[in-house]
file start-v7.cif (mmCIF, C-alpha atoms and all ligand atoms)
data_my_file
loop_
_atom_site.label_atom_id
_atom_site.label_comp_id
_atom_site.auth_asym_id
_atom_site.auth_seq_id
_atom_site.Cartn_x
_atom_site.Cartn_y
_atom_site.Cartn_z
CA MET A 1 0.00 0.00 0.00
CA LYS A 2 1.56 3.23 -1.11
CA ASN A 3 -1.13 5.92 -1.48
CA PHE A 4 -0.68 8.02 1.64
CA VAL A 5 -1.06 11.77 2.07
CA ARG A 6 -0.30 13.98 5.03
CA LEU A 7 -3.11 15.99 6.57
CA PRO A 8 -3.04 18.92 6.86
CA LEU A 9 -1.74 18.93 3.30
CA THR A 10 1.82 20.17 3.09
CA LYS A 11 3.49 22.15 0.32
CA ASP A 12 6.78 20.40 1.11
CA ARG A 13 6.95 17.42 -1.23
CA SER A 14 9.93 15.93 0.58
CA LEU A 15 7.78 15.13 3.63
CA LYS A 16 6.36 11.62 3.65
CA ALA A 17 3.40 10.08 5.48
CA TRP A 18 5.37 7.10 6.85
CA ASN A 19 8.96 5.98 7.32
CA ALA A 20 11.07 2.86 7.84
CA ALA A 21 10.04 2.58 11.50
CA ASP A 22 6.45 1.88 10.35
CA GLU A 23 7.67 -0.74 7.89
CA HIS A 24 9.90 -2.24 10.59
CA LEU A 25 6.91 -2.63 12.92
CA LEU A 26 4.96 -4.49 10.21
CA LYS A 27 8.01 -6.66 9.50
CA CYS A 28 8.30 -7.61 13.21
CA ILE A 29 4.60 -8.49 13.36
CA GLU A 30 5.04 -10.82 10.42
CA GLU A 31 8.34 -12.38 11.52
CA GLU A 32 7.17 -12.95 15.09
CA ASN A 33 3.82 -14.18 13.82
CA LEU A 34 2.16 -11.90 16.33
CA ASP A 35 -1.53 -12.29 17.06
CA VAL A 36 -2.87 -8.97 15.80
CA SER A 37 -6.53 -9.98 15.91
CA LYS A 38 -7.32 -7.29 18.50
CA VAL A 39 -4.31 -5.09 17.96
CA VAL A 40 -4.35 -1.58 19.44
CA ILE A 41 -2.28 1.11 17.73
CA PHE A 42 -0.91 4.41 19.08
CA HIS A 43 0.59 7.36 17.23
CA ASP A 44 -0.14 6.16 13.73
CA ARG A 45 0.08 9.74 12.48
CA TYR A 46 -1.24 9.31 8.92
CA GLY A 47 -2.67 5.80 9.07
CA TYR A 48 0.08 3.68 7.48
CA LEU A 49 -0.03 1.03 10.21
CA SER A 50 -3.81 0.99 10.62
CA THR A 51 -4.40 0.71 6.88
CA ASN A 52 -1.85 -2.08 6.48
CA LEU A 53 -3.40 -3.98 9.40
CA ALA A 54 -7.00 -3.15 8.48
CA GLN A 55 -7.92 -6.79 7.79
CA HIS A 56 -7.43 -7.41 11.54
CA SER A 57 -9.89 -4.62 12.53
CA PRO A 58 -7.41 -2.65 14.64
CA THR A 59 -8.32 -0.07 17.24
CA THR A 60 -6.33 3.09 16.65
CA PHE A 61 -6.02 5.83 19.25
CA ILE A 62 -5.78 9.33 17.85
CA TYR A 63 -4.52 12.47 19.56
CA LEU A 64 -5.10 14.87 16.63
CA LYS A 65 -8.20 15.73 14.65
CA SER A 66 -6.09 15.70 11.47
CA GLN A 67 -4.85 12.22 12.36
CA SER A 68 -8.38 10.86 12.36
CA ASP A 69 -9.11 12.47 8.96
CA ALA A 70 -5.77 11.29 7.54
CA ILE A 71 -6.44 7.69 8.59
CA SER A 72 -9.88 7.69 6.93
CA THR A 73 -8.60 9.44 3.78
CA ASN A 74 -5.65 7.09 3.41
CA ALA A 75 -7.78 4.03 4.08
CA ILE A 76 -10.13 5.04 1.27
CA SER A 77 -7.34 5.77 -1.20
CA ASN A 78 -5.92 2.30 -0.49
CA ASP A 79 -9.34 0.65 -1.06
CA ILE A 80 -9.88 -0.06 2.62
CA GLU A 81 -13.27 0.42 4.23
CA PRO A 82 -12.55 3.14 6.87
CA LYS A 83 -14.96 1.46 9.30
CA SER A 84 -12.62 -1.53 9.49
CA ILE A 85 -10.31 0.71 11.55
CA ARG A 86 -11.87 1.56 14.91
CA ILE A 87 -10.79 5.09 15.78
CA LYS A 88 -10.83 6.14 19.45
CA SER A 89 -9.85 9.42 21.05
CA ILE A 90 -6.79 9.31 23.25
CA LEU A 91 -9.01 10.67 26.03
CA GLU A 92 -10.96 7.39 26.05
CA SER A 93 -9.76 4.38 28.01
CA ALA A 94 -7.47 2.01 26.15
CA SER A 95 -8.82 -1.37 25.12
CA ASN A 96 -7.66 -4.71 26.42
CA SER A 97 -5.46 -6.55 23.93
CA ASN A 98 -2.66 -9.09 23.60
CA ASN A 99 -0.65 -6.77 21.46
CA TYR A 100 -0.11 -3.05 21.21
CA ILE A 101 1.85 -1.09 18.65
CA ILE A 102 3.34 2.36 19.15
CA LYS A 103 5.19 4.56 16.71
CA ILE A 104 7.26 6.41 19.30
CA PRO A 105 6.41 10.14 19.21
CA LYS A 106 8.89 12.99 19.49
CA SER A 107 7.24 14.03 22.75
CA LEU A 108 8.38 11.49 25.30
CA ASP A 109 5.63 12.77 27.59
CA LEU A 110 3.20 11.54 24.97
CA PHE A 111 5.06 8.20 24.85
CA ARG A 112 4.60 8.02 28.62
CA LEU A 113 0.90 8.79 28.26
CA TYR A 114 0.53 5.92 25.76
CA LEU A 115 2.31 3.53 28.12
CA ILE A 116 0.11 4.61 31.04
CA LYS A 117 -2.99 4.00 28.93
CA ILE A 118 -1.69 0.59 27.84
CA CYS A 119 -0.74 -0.50 31.38
CA ASP A 120 -4.21 0.50 32.47
CA ALA A 121 -5.87 -1.86 30.01
CA CYS A 122 -3.47 -4.68 29.16
CA GLN A 123 -3.15 -8.15 30.62
CA ALA A 124 -0.09 -9.77 32.23
CA ASP A 125 1.04 -11.43 29.00
CA SER A 126 0.42 -8.46 26.68
CA LYS A 127 3.24 -7.25 24.49
CA VAL A 128 4.09 -3.83 23.09
CA LEU A 129 6.11 -3.18 19.95
CA ALA A 130 7.39 0.38 19.75
CA GLY A 131 9.16 1.59 16.60
CA PHE A 132 11.44 4.57 16.02
CA MET A 133 14.11 5.86 13.66
CA THR A 134 17.58 5.22 15.08
CA ARG A 135 18.57 8.88 14.70
CA HIS A 136 15.72 9.81 17.06
CA PHE A 137 16.88 7.48 19.82
CA SER A 138 17.38 8.87 23.29
CA LYS A 139 18.19 6.96 26.48
CA SER A 140 15.03 8.38 28.03
CA ILE A 141 12.98 6.15 25.71
CA ILE A 142 14.37 3.09 27.49
CA THR A 143 14.16 4.70 30.94
CA ILE A 144 10.49 5.51 30.44
CA ALA A 145 9.69 2.09 28.96
CA GLU A 146 11.35 0.43 31.99
CA GLU A 147 9.15 2.42 34.35
CA TYR A 148 6.13 0.58 32.94
CA PHE A 149 7.48 -2.80 31.76
CA GLU A 150 9.81 -5.38 33.37
CA ASN A 151 11.23 -6.59 30.07
CA VAL A 152 12.48 -4.07 27.55
CA THR A 153 14.57 -5.33 24.63
CA GLN A 154 15.68 -3.67 21.45
CA SER A 155 15.81 -5.11 17.91
CA LYS A 156 18.77 -4.79 15.59
CA ALA A 157 18.70 -1.79 13.29
CA TRP A 158 16.91 -2.29 9.96
CA LYS A 159 16.75 0.52 7.39
CA LYS A 160 18.00 2.88 10.14
CA SER A 161 15.08 2.04 12.42
CA ARG A 162 14.61 -0.10 15.53
CA VAL A 163 11.76 -1.72 17.42
CA LEU A 164 11.48 -2.05 21.19
CA ASN A 165 9.81 -5.13 22.58
CA LEU A 166 8.07 -4.51 25.93
CA SER A 167 6.54 -7.24 28.06
CA LYS A 168 5.51 -7.94 31.67
CA PRO A 169 3.66 -4.73 32.49
CA LYS A 170 4.27 -3.33 35.97
CA ILE A 171 1.33 -2.63 38.24
CA ILE A 172 0.91 1.11 38.55
CA LYS A 173 -1.72 2.81 40.67
CA SER A 174 -3.68 6.08 40.20
CA ARG A 175 -2.48 6.37 36.65
CA ASN A 176 -5.15 8.67 35.29
CA SER A 177 -4.19 11.49 37.62
CA ASN A 178 -0.67 11.23 36.16
CA LEU A 179 -1.91 12.20 32.73
CA ILE A 180 -2.17 15.86 33.70
CA HIS A 181 0.60 18.02 35.07
CA THR A 182 0.87 21.63 36.21
CA ILE A 183 3.04 24.53 35.03
CA ILE A 184 3.30 27.66 37.16
CA HIS A 185 3.76 30.94 35.30
CA ASP A 186 3.34 34.45 36.72
CA ASP A 187 1.60 33.03 39.81
CA HIS A 188 -0.98 31.21 37.67
CA LYS A 189 -1.25 27.45 37.55
CA TYR A 190 -1.79 25.93 34.11
CA GLN A 191 -2.86 22.33 33.82
CA GLN A 192 -2.01 20.31 30.78
CA TYR A 193 -2.09 16.76 29.53
CA LEU A 194 1.18 14.99 28.86
CA GLY A 195 2.28 15.63 25.30
CA VAL A 196 0.84 19.15 25.00
CA PHE A 197 3.19 21.89 23.75
CA SER A 198 5.51 23.61 26.29
CA ALA A 199 5.63 20.88 28.90
CA LYS A 200 8.33 22.33 31.15
CA HIS A 201 7.69 26.06 30.95
CA ILE A 202 5.58 28.49 28.98
CA ASP A 203 7.13 28.97 25.55
CA PHE A 204 9.42 32.03 25.36
CA ALA A 205 7.74 33.38 22.21
CA THR A 206 4.39 33.12 23.99
CA GLN A 207 5.79 34.91 27.04
CA PHE A 208 7.02 37.72 24.78
CA LEU A 209 3.59 37.94 23.11
CA LEU A 210 1.75 38.10 26.43
CA ASP A 211 3.96 40.98 27.57
CA HIS A 212 2.69 43.05 24.62
CA LEU A 213 -0.83 41.78 24.03
CA GLN A 214 -3.69 44.19 24.72
CA ALA A 215 -7.26 43.59 23.54
CA LYS A 216 -9.08 46.60 22.06
CA GLU A 217 -12.33 48.09 23.35
CA ASN A 218 -14.17 47.41 20.08
CA GLU A 219 -13.05 43.77 19.80
CA ASN A 220 -15.83 41.37 20.79
CA SER A 221 -14.74 38.04 19.37
CA PHE A 222 -11.45 36.19 19.04
CA LEU A 223 -9.99 32.94 17.77
CA ASP A 224 -6.80 31.51 19.31
CA ILE A 225 -5.30 29.17 16.69
CA GLY A 226 -3.04 26.44 18.10
CA THR A 227 -4.12 27.22 21.62
CA GLY A 228 -2.02 24.55 23.38
CA ASN A 229 -2.89 24.80 27.07
CA GLY A 230 -4.95 27.93 26.34
CA ILE A 231 -2.56 30.46 27.85
CA ILE A 232 -2.95 33.10 25.12
CA GLY A 233 -6.73 32.80 25.09
CA LYS A 234 -6.81 33.00 28.88
CA HIS A 235 -4.74 36.18 28.80
CA LEU A 236 -7.40 37.77 26.54
CA LEU A 237 -10.28 36.41 28.61
CA ASP A 238 -8.72 38.00 31.71
CA GLN A 239 -8.66 41.44 30.06
CA LYS A 240 -12.36 41.94 29.25
CA SER A 241 -15.59 40.12 28.52
CA TRP A 242 -16.06 38.69 25.01
CA LYS A 243 -19.19 37.76 23.08
CA ASN A 244 -17.45 34.84 21.43
CA ALA A 245 -14.06 33.32 22.19
CA ILE A 246 -12.77 30.17 20.49
CA LEU A 247 -9.70 28.20 21.51
CA MET A 248 -8.73 25.82 18.74
CA ASP A 249 -5.99 23.24 18.32
CA ASP A 250 -5.42 20.18 16.17
CA SER A 251 -4.51 18.28 19.34
CA ILE A 252 -7.35 16.78 21.34
CA LEU A 253 -5.09 16.80 24.40
CA ALA A 254 -4.44 20.53 23.88
CA THR A 255 -8.10 21.53 23.58
CA ALA A 256 -8.89 19.42 26.65
CA SER A 257 -6.05 21.19 28.51
CA SER A 258 -7.22 24.64 27.39
CA GLN A 259 -10.67 23.72 28.68
CA LEU A 260 -9.19 22.84 32.08
CA ASN A 261 -7.61 26.30 32.23
CA THR A 262 -10.51 28.42 30.95
CA SER A 263 -13.67 26.59 32.00
CA LYS A 264 -14.69 29.38 34.38
CA TYR A 265 -15.11 31.95 31.59
CA PRO A 266 -18.49 32.33 29.87
CA SER A 267 -18.71 32.42 26.06
CA VAL A 268 -15.67 30.18 25.45
CA GLU A 269 -15.67 27.26 23.04
CA TRP A 270 -12.92 24.67 22.64
CA ILE A 271 -12.57 23.17 19.20
CA ALA A 272 -10.25 20.41 18.00
CA ASP A 273 -9.53 21.18 14.35
CA TYR A 274 -6.65 21.83 11.98
CA HIS A 275 -8.18 24.17 9.37
CA LEU A 276 -10.55 27.12 9.41
CA ASP A 277 -13.21 25.83 6.99
CA SER A 278 -15.95 25.59 9.63
CA PHE A 279 -15.79 29.31 10.50
CA SER A 280 -17.92 31.95 8.74
CA ASN A 281 -16.69 34.87 6.67
CA ASP A 282 -15.94 37.93 8.84
CA GLN A 283 -16.58 35.99 12.08
CA PHE A 284 -13.74 37.34 14.27
CA ASP A 285 -12.49 40.77 15.34
CA LEU A 286 -9.19 39.27 16.45
CA ILE A 287 -7.26 36.14 15.50
CA ILE A 288 -4.17 35.33 17.47
CA THR A 289 -1.57 32.63 17.15
CA ASN A 290 1.84 31.33 18.08
CA PRO A 291 1.67 29.09 15.03
CA PRO A 292 3.12 25.59 14.75
CA PHE A 293 6.10 24.95 12.52
CA HIS A 294 7.50 21.76 14.07
CA PHE A 295 5.62 18.58 13.28
CA GLU A 296 7.18 15.71 15.15
CA PHE A 297 10.80 15.63 13.92
CA GLU A 298 10.10 17.75 10.86
CA VAL A 299 9.84 21.46 10.13
CA ASP A 300 7.01 22.66 7.89
CA PRO A 301 6.18 26.40 7.81
CA SER A 302 3.61 25.83 5.03
CA ILE A 303 0.96 24.75 7.56
CA ALA A 304 1.23 28.00 9.53
CA LEU A 305 1.20 30.05 6.34
CA GLN A 306 -1.98 28.34 5.17
CA LEU A 307 -3.65 29.13 8.51
CA MET A 308 -2.58 32.79 8.23
CA GLU A 309 -3.84 33.04 4.65
CA ASP A 310 -7.16 31.40 5.57
CA SER A 311 -7.55 33.71 8.58
CA TYR A 312 -8.17 36.62 6.20
CA ARG A 313 -11.56 35.24 5.13
CA ILE A 314 -12.87 34.81 8.67
CA LEU A 315 -11.63 38.17 9.98
CA ALA A 316 -14.14 41.03 10.08
CA THR A 317 -13.22 44.04 7.96
CA GLY A 318 -10.85 46.10 10.08
CA GLY A 319 -10.14 43.01 12.23
CA ARG A 320 -6.58 42.02 13.06
CA LEU A 321 -4.39 38.94 13.00
CA ILE A 322 -1.59 38.82 15.57
CA VAL A 323 1.24 36.33 15.07
CA VAL A 324 4.30 35.75 17.22
CA ALA A 325 7.17 33.91 15.56
CA ASN A 326 10.90 33.31 15.56
CA ARG A 327 12.59 36.09 13.61
CA HIS A 328 14.20 33.73 11.12
CA LEU A 329 10.82 32.53 9.84
CA ASN A 330 10.29 35.96 8.29
CA TYR A 331 6.52 35.68 7.91
CA LYS A 332 6.11 39.37 7.04
CA SER A 333 6.79 39.01 3.34
CA GLN A 334 4.22 36.19 3.16
CA LEU A 335 1.61 38.07 5.20
CA SER A 336 1.90 41.07 2.90
CA LYS A 337 0.55 38.93 0.04
CA TRP A 338 -2.81 38.66 1.77
CA TYR A 339 -3.12 41.59 4.20
CA PRO A 340 -3.13 45.25 3.08
CA SER A 341 -1.57 46.53 6.30
CA ILE A 342 1.10 44.83 8.44
CA SER A 343 3.20 46.25 11.21
CA VAL A 344 5.58 44.94 13.84
CA LEU A 345 3.90 45.26 17.22
CA ASN A 346 7.12 44.42 19.02
CA GLU A 347 10.35 42.51 18.51
CA ASN A 348 13.45 41.41 20.34
CA GLU A 349 16.58 39.53 19.27
CA LYS A 350 14.66 36.23 18.95
CA PHE A 351 10.98 36.95 18.29
CA VAL A 352 8.71 39.25 16.27
CA ILE A 353 5.04 40.02 16.87
CA TYR A 354 3.24 40.87 13.62
CA GLU A 355 -0.07 42.71 13.50
CA ALA A 356 -1.92 42.44 10.20
CA TYR A 357 -5.22 44.23 9.47
CA LYS A 358 -7.92 43.22 7.03
C1 LIG B 1 3.78 26.80 18.99
S1 LIG B 1 2.47 25.87 19.74
C2 LIG B 1 1.62 27.14 20.64
C3 LIG B 1 0.78 26.62 21.78
C4 LIG B 1 0.18 27.69 22.70
N1 LIG B 1 -0.59 28.67 21.98
C5 LIG B 1 1.28 28.38 23.46
O1 LIG B 1 1.55 29.51 23.12
O2 LIG B 1 1.86 27.78 24.36
C6 LIG B 1 1.46 25.53 18.36
C7 LIG B 1 0.21 24.71 18.62
O3 LIG B 1 -0.46 24.53 17.35
C8 LIG B 1 -1.06 23.25 17.34
N2 LIG B 1 -1.28 22.92 15.93
C9 LIG B 1 -0.47 22.26 15.08
N3 LIG B 1 -1.02 22.22 13.86
C10 LIG B 1 -2.21 22.85 13.94
C11 LIG B 1 -3.25 23.12 13.00
N4 LIG B 1 -3.15 22.78 11.72
N5 LIG B 1 -4.33 23.79 13.44
C12 LIG B 1 -4.44 24.17 14.73
N6 LIG B 1 -3.48 23.92 15.66
C13 LIG B 1 -2.39 23.29 15.25
C14 LIG B 1 -0.10 22.37 18.09
O4 LIG B 1 -0.78 21.23 18.59
C15 LIG B 1 0.40 23.32 19.20
O5 LIG B 1 -0.39 23.19 20.35
#
call {"tool": "encode", "arguments": {"input": "start-v7.cif", "output": "structure tokens"}}
result
Amino acid sequence: MKNFVRLPLTKDRSLKAWNAADEHLLKCIEEENLDVSKVVIFHDRYGYLSTNLAQHSPTTFIYLKSQSDAISTNAISNDIEPKSIRIKSILESASNSNNYIIKIPKSLDLFRLYLIKICDACQADSKVLAGFMTRHFSKSIITIAEEYFENVTQSKAWKKSRVLNLSKPKIIKSRNSNLIHTIIHDDHKYQQYLGVFSAKHIDFATQFLLDHLQAKENENSFLDIGTGNGIIGKHLLDQKSWKNAILMDDSILATASSQLNTSKYPSVEWIADYHLDSFSNDQFDLIITNPPFHFEFEVDPSIALQLMEDSYRILATGGRLIVVANRHLNYKSQLSKWYPSISVLNENEKFVIYEAYK
């Protein structure tokens, strides 16, 4: 099966929807003659594993809205009935199975979250296969795996990838409370699920933005794109009352985290999505974002640029888009293609805050 696209669609043709670690996992399943009749899959970003194992009716846990759409799209383009892959949100409990498969994510917190979910549901003789590219190896992968499993072994390298074999799950208590942790910033406590952006401290670009972000009197609605734990949206909600405030992120764990941090405010909605198609023309007075440009181990500014271009349609006339970014990304020249007026709200040696008006 070879017809796989990435969602959101990327303009970078060098980026692929699977790699040798996925193929290595399938190879191990075949060579070890693993019983995959009730297999449960984690972090299958674009559906390569689920589609290739579709005849076994896998259960696949998704942490992104785009992941769910990518799996269905790629199943269809490989002549697989999407319903043969059972998609579950990562916020649901894991299912009991003999065998679990993980494509190890870049975020080792997210890896930990997957292992916690698995330990919660698996049986004493369950096995986990966890694949990764050798260049992405870190000792912490093994350390974390050994916190949850007695036996952790590593395959030989094949096509520059490896597979970990985990067995004998350890008994761990009160796991679900471990899925959420707290960051303290400026005397506020922010709660967030493992695997959500800025796990150790609030991102420095975001901190710079918050130091210079002031809502205007006549602004009544805003959209925070890529809200993460909701810190930017919360900053705006603390400044005044809004008729409509939307915190949006592709990550289900992020929108759930932003909800934890802003549930006391009226008029807030939390939406897991990765494009702006569901919003109406002229809907927002203000759109704000610290946009994504890292996707797992890859860099792809085209996703952020698409979101900025599409923001124009849903901004009210006279509305503004505020973007904070690393200086080197140089978004200004791109923004000027779509927005008649752009200025620099503030900048320092690392970051720039752009303000673009419709
Ligand atoms: C740089 S982080 C900023 C997070 C948060 N606003 C902060 O300042 O800490 C970018 C966020 O965008 C999210 N994201 C990635 N692709 C997205 C997309 N296509 N649409 C919406 N959010 C996306 C990521 O999950 C991540 O939470």
call {"tool": "closest_atom_pairs", "arguments": {"input": "start-v7.cif", "of": "segment 50-147 of chain A", "to": "segment 257-279 of chain A", "cutoff": "12 Å", "atoms": "only C-alpha atoms", "output": "Markdown table"}}
result
| residue | atom | partner | partner_atom | distance |
| --- | --- | --- | --- | --- |
| A:Ile62 | CA | A:Ala272 | CA | 11.9 |
| A:Tyr63 | CA | A:Ala272 | CA | 9.9 |
| A:Leu64 | CA | A:Ala272 | CA | 7.7 |
| A:Lys65 | CA | A:Asp273 | CA | 5.6 |
| A:Ser66 | CA | A:Tyr274 | CA | 6.2 |
| A:Gln67 | CA | A:Tyr274 | CA | 9.8 |
| A:Ser68 | CA | A:Asp273 | CA | 10.6 |
| A:Asp69 | CA | A:Tyr274 | CA | 10.1 |
| A:Ala70 | CA | A:Tyr274 | CA | 11.5 |
| A:Ser89 | CA | A:Ala272 | CA | 11.4 |
| A:Leu91 | CA | A:Ser257 | CA | 11.2 |
call {"tool": "write_last_selection", "arguments": {"input": "start-v7.cif", "atoms": "C-alpha atoms", "output": "JSON list (two decimals), in the frame of the given file"}}
result
[["chain", "number", "residue", "atom", "x", "y", "z"],
["A", 62, "ILE", "CA", -5.78, 9.33, 17.85],
["A", 63, "TYR", "CA", -4.52, 12.47, 19.56],
["A", 64, "LEU", "CA", -5.10, 14.87, 16.63],
["A", 65, "LYS", "CA", -8.20, 15.73, 14.65],
["A", 66, "SER", "CA", -6.09, 15.70, 11.47],
["A", 67, "GLN", "CA", -4.85, 12.22, 12.36],
["A", 68, "SER", "CA", -8.38, 10.86, 12.36],
["A", 69, "ASP", "CA", -9.11, 12.47, 8.96],
["A", 70, "ALA", "CA", -5.77, 11.29, 7.54],
["A", 89, "SER", "CA", -9.85, 9.42, 21.05],
["A", 91, "LEU", "CA", -9.01, 10.67, 26.03]]
call {"tool": "axis_aligned_box", "arguments": {"input": "start-v7.cif", "around": "ligand LIG 1 (chain B)", "padding_each_side": "6 Å", "output": "JSON"}}
result
{"center_x": -0.3, "center_y": 25.4, "center_z": 18.0, "size_x": 20.2, "size_y": 20.3, "size_z": 24.6}
call {"tool": "closest_residue", "arguments": {"input": "start-v7.cif", "among": "A:Ile322, A:Ile287, A:Ala256, A:Ile231", "to": "ligand LIG 1 (chain B)", "atoms": "all atoms listed in the file"}}
result
A:Ile231
call {"tool": "residues_near_ligand", "arguments": {"input": "start-v7.cif", "ligand": "ligand LIG 1 (chain B)", "cutoff": "8 Å", "atoms": "all atoms listed in the file", "output": "PyMOL selection string"}}
result
chain A and resi 8+64+66+196-198+202-203+205-207+224-232+248-251+254+272-275+289-295+303-304+307
call {"tool": "closest_residue", "arguments": {"input": "start-v7.cif", "among": "A:Tyr339, A:Phe208, A:Phe284, A:Trp158", "to": "Glu355 of chain A", "atoms": "all atoms listed in the file"}}
result
A:Tyr339
call {"tool": "residues_near_point", "arguments": {"input": "start-v7.cif", "point": "(22.4, 4.4, 9.4)", "cutoff": "12 Å", "atoms": "all atoms listed in the file", "output": "NGL selection string"}}
result
:A and (20 or 133-136 or 156-162)
call {"tool": "write_last_selection", "arguments": {"input": "start-v7.cif", "atoms": "C-alpha atoms", "output": "mmCIF file, in the frame of the given file"}}
result
data_model
loop_
_atom_site.group_PDB
_atom_site.id
_atom_site.type_symbol
_atom_site.label_atom_id
_atom_site.label_comp_id
_atom_site.auth_asym_id
_atom_site.auth_seq_id
_atom_site.Cartn_x
_atom_site.Cartn_y
_atom_site.Cartn_z
ATOM 1 C CA ALA A 20 11.070 2.860 7.840
ATOM 2 C CA MET A 133 14.110 5.860 13.660
ATOM 3 C CA THR A 134 17.580 5.220 15.080
ATOM 4 C CA ARG A 135 18.570 8.880 14.700
ATOM 5 C CA HIS A 136 15.720 9.810 17.060
ATOM 6 C CA LYS A 156 18.770 -4.790 15.590
ATOM 7 C CA ALA A 157 18.700 -1.790 13.290
ATOM 8 C CA TRP A 158 16.910 -2.290 9.960
ATOM 9 C CA LYS A 159 16.750 0.520 7.390
ATOM 10 C CA LYS A 160 18.000 2.880 10.140
ATOM 11 C CA SER A 161 15.080 2.040 12.420
ATOM 12 C CA ARG A 162 14.610 -0.100 15.530
#
call {"tool": "closest_residue", "arguments": {"input": "start-v7.cif", "among": "A:Ala356, A:Leu210, A:Leu286, A:Leu321", "to": "Asn244 of chain A", "atoms": "only C-alpha atoms"}}
result
A:Leu286
call {"tool": "closest_residue", "arguments": {"input": "start-v7.cif", "among": "A:Ile142, A:Thr255, A:Ile314, A:Ser77", "to": "Ser221 of chain A", "atoms": "only C-alpha atoms"}}
result
A:Ile314
call {"tool": "residues_near_point", "arguments": {"input": "start-v7.cif", "point": "(3.9, 39.3, 17.0)", "cutoff": "7 Å", "atoms": "only C-alpha atoms", "output": "list in words"}}
result
Leu209, Ile322, Val323, Val324, Ala325, Val344, Leu345, Asn346, Val352, Ile353, Tyr354 and Glu355 of chain A
call {"tool": "atom_distance", "arguments": {"input": "start-v7.cif", "atom1": "atom CA of Leu164 of chain A", "atom2": "atom CA of Glu23 of chain A"}}
result
13.9 Å
call {"tool": "atom_distance", "arguments": {"input": "start-v7.cif", "atom1": "atom CA of Ile252 of chain A", "atom2": "atom CA of His212 of chain A"}}
result
28.3 Å
call {"tool": "atom_distance", "arguments": {"input": "start-v7.cif", "atom1": "atom CA of Leu115 of chain A", "atom2": "atom CA of Val39 of chain A"}}
result
14.9 Å
call {"tool": "closest_residue", "arguments": {"input": "start-v7.cif", "among": "A:Pro58, A:Pro105, A:Pro340, A:Pro82", "to": "His43 of chain A", "atoms": "only C-alpha atoms"}}
result
A:Pro105
call {"tool": "closest_residue", "arguments": {"input": "start-v7.cif", "among": "A:Lys83, A:His181, A:Arg6, A:Lys216", "to": "Lys200 of chain A", "atoms": "all atoms listed in the file"}}
result
A:His181
call {"tool": "build_atoms", "arguments": {"input": "start-v7.cif", "residues": "segment 259-272 of chain A", "atoms": "N, CA and C atoms", "output": "mmCIF file, in the frame of the given file"}}
result
data_model
loop_
_atom_site.group_PDB
_atom_site.id
_atom_site.type_symbol
_atom_site.label_atom_id
_atom_site.label_comp_id
_atom_site.auth_asym_id
_atom_site.auth_seq_id
_atom_site.Cartn_x
_atom_site.Cartn_y
_atom_site.Cartn_z
ATOM 1 N N GLN A 259 -9.371 23.720 27.986
ATOM 2 C CA GLN A 259 -10.670 23.720 28.680
ATOM 3 C C GLN A 259 -10.458 23.687 30.199
ATOM 4 N N LEU A 260 -9.475 22.893 30.632
ATOM 5 C CA LEU A 260 -9.190 22.840 32.080
ATOM 6 C C LEU A 260 -8.830 24.233 32.607
ATOM 7 N N ASN A 261 -8.130 25.019 31.763
ATOM 8 C CA ASN A 261 -7.610 26.300 32.230
ATOM 9 C C ASN A 261 -8.559 27.478 32.017
ATOM 10 N N THR A 262 -9.633 27.280 31.241
ATOM 11 C CA THR A 262 -10.510 28.420 30.950
ATOM 12 C C THR A 262 -11.988 28.084 31.164
ATOM 13 N N SER A 263 -12.255 27.014 31.884
ATOM 14 C CA SER A 263 -13.670 26.590 32.000
ATOM 15 C C SER A 263 -14.509 27.600 32.783
ATOM 16 N N LYS A 264 -13.886 28.454 33.580
ATOM 17 C CA LYS A 264 -14.690 29.380 34.380
ATOM 18 C C LYS A 264 -15.216 30.592 33.577
ATOM 19 N N TYR A 265 -14.708 30.772 32.360
ATOM 20 C CA TYR A 265 -15.110 31.950 31.590
ATOM 21 C C TYR A 265 -16.360 31.637 30.780
ATOM 22 N N PRO A 266 -17.344 32.573 30.751
ATOM 23 C CA PRO A 266 -18.490 32.330 29.870
ATOM 24 C C PRO A 266 -18.077 32.593 28.419
ATOM 25 N N SER A 267 -18.865 32.145 27.504
ATOM 26 C CA SER A 267 -18.710 32.420 26.060
ATOM 27 C C SER A 267 -17.449 31.808 25.429
ATOM 28 N N VAL A 268 -16.839 30.820 26.070
ATOM 29 C CA VAL A 268 -15.670 30.180 25.450
ATOM 30 C C VAL A 268 -16.072 28.853 24.820
ATOM 31 N N GLU A 269 -15.494 28.586 23.647
ATOM 32 C CA GLU A 269 -15.670 27.260 23.040
ATOM 33 C C GLU A 269 -14.291 26.673 22.779
ATOM 34 N N TRP A 270 -14.190 25.360 22.871
ATOM 35 C CA TRP A 270 -12.920 24.670 22.640
ATOM 36 C C TRP A 270 -13.112 23.739 21.454
ATOM 37 N N ILE A 271 -12.339 23.936 20.430
ATOM 38 C CA ILE A 271 -12.570 23.170 19.200
ATOM 39 C C ILE A 271 -11.279 22.465 18.772
ATOM 40 N N ALA A 272 -11.394 21.145 18.551
ATOM 41 C CA ALA A 272 -10.250 20.410 18.000
ATOM 42 C C ALA A 272 -10.383 20.404 16.482
#
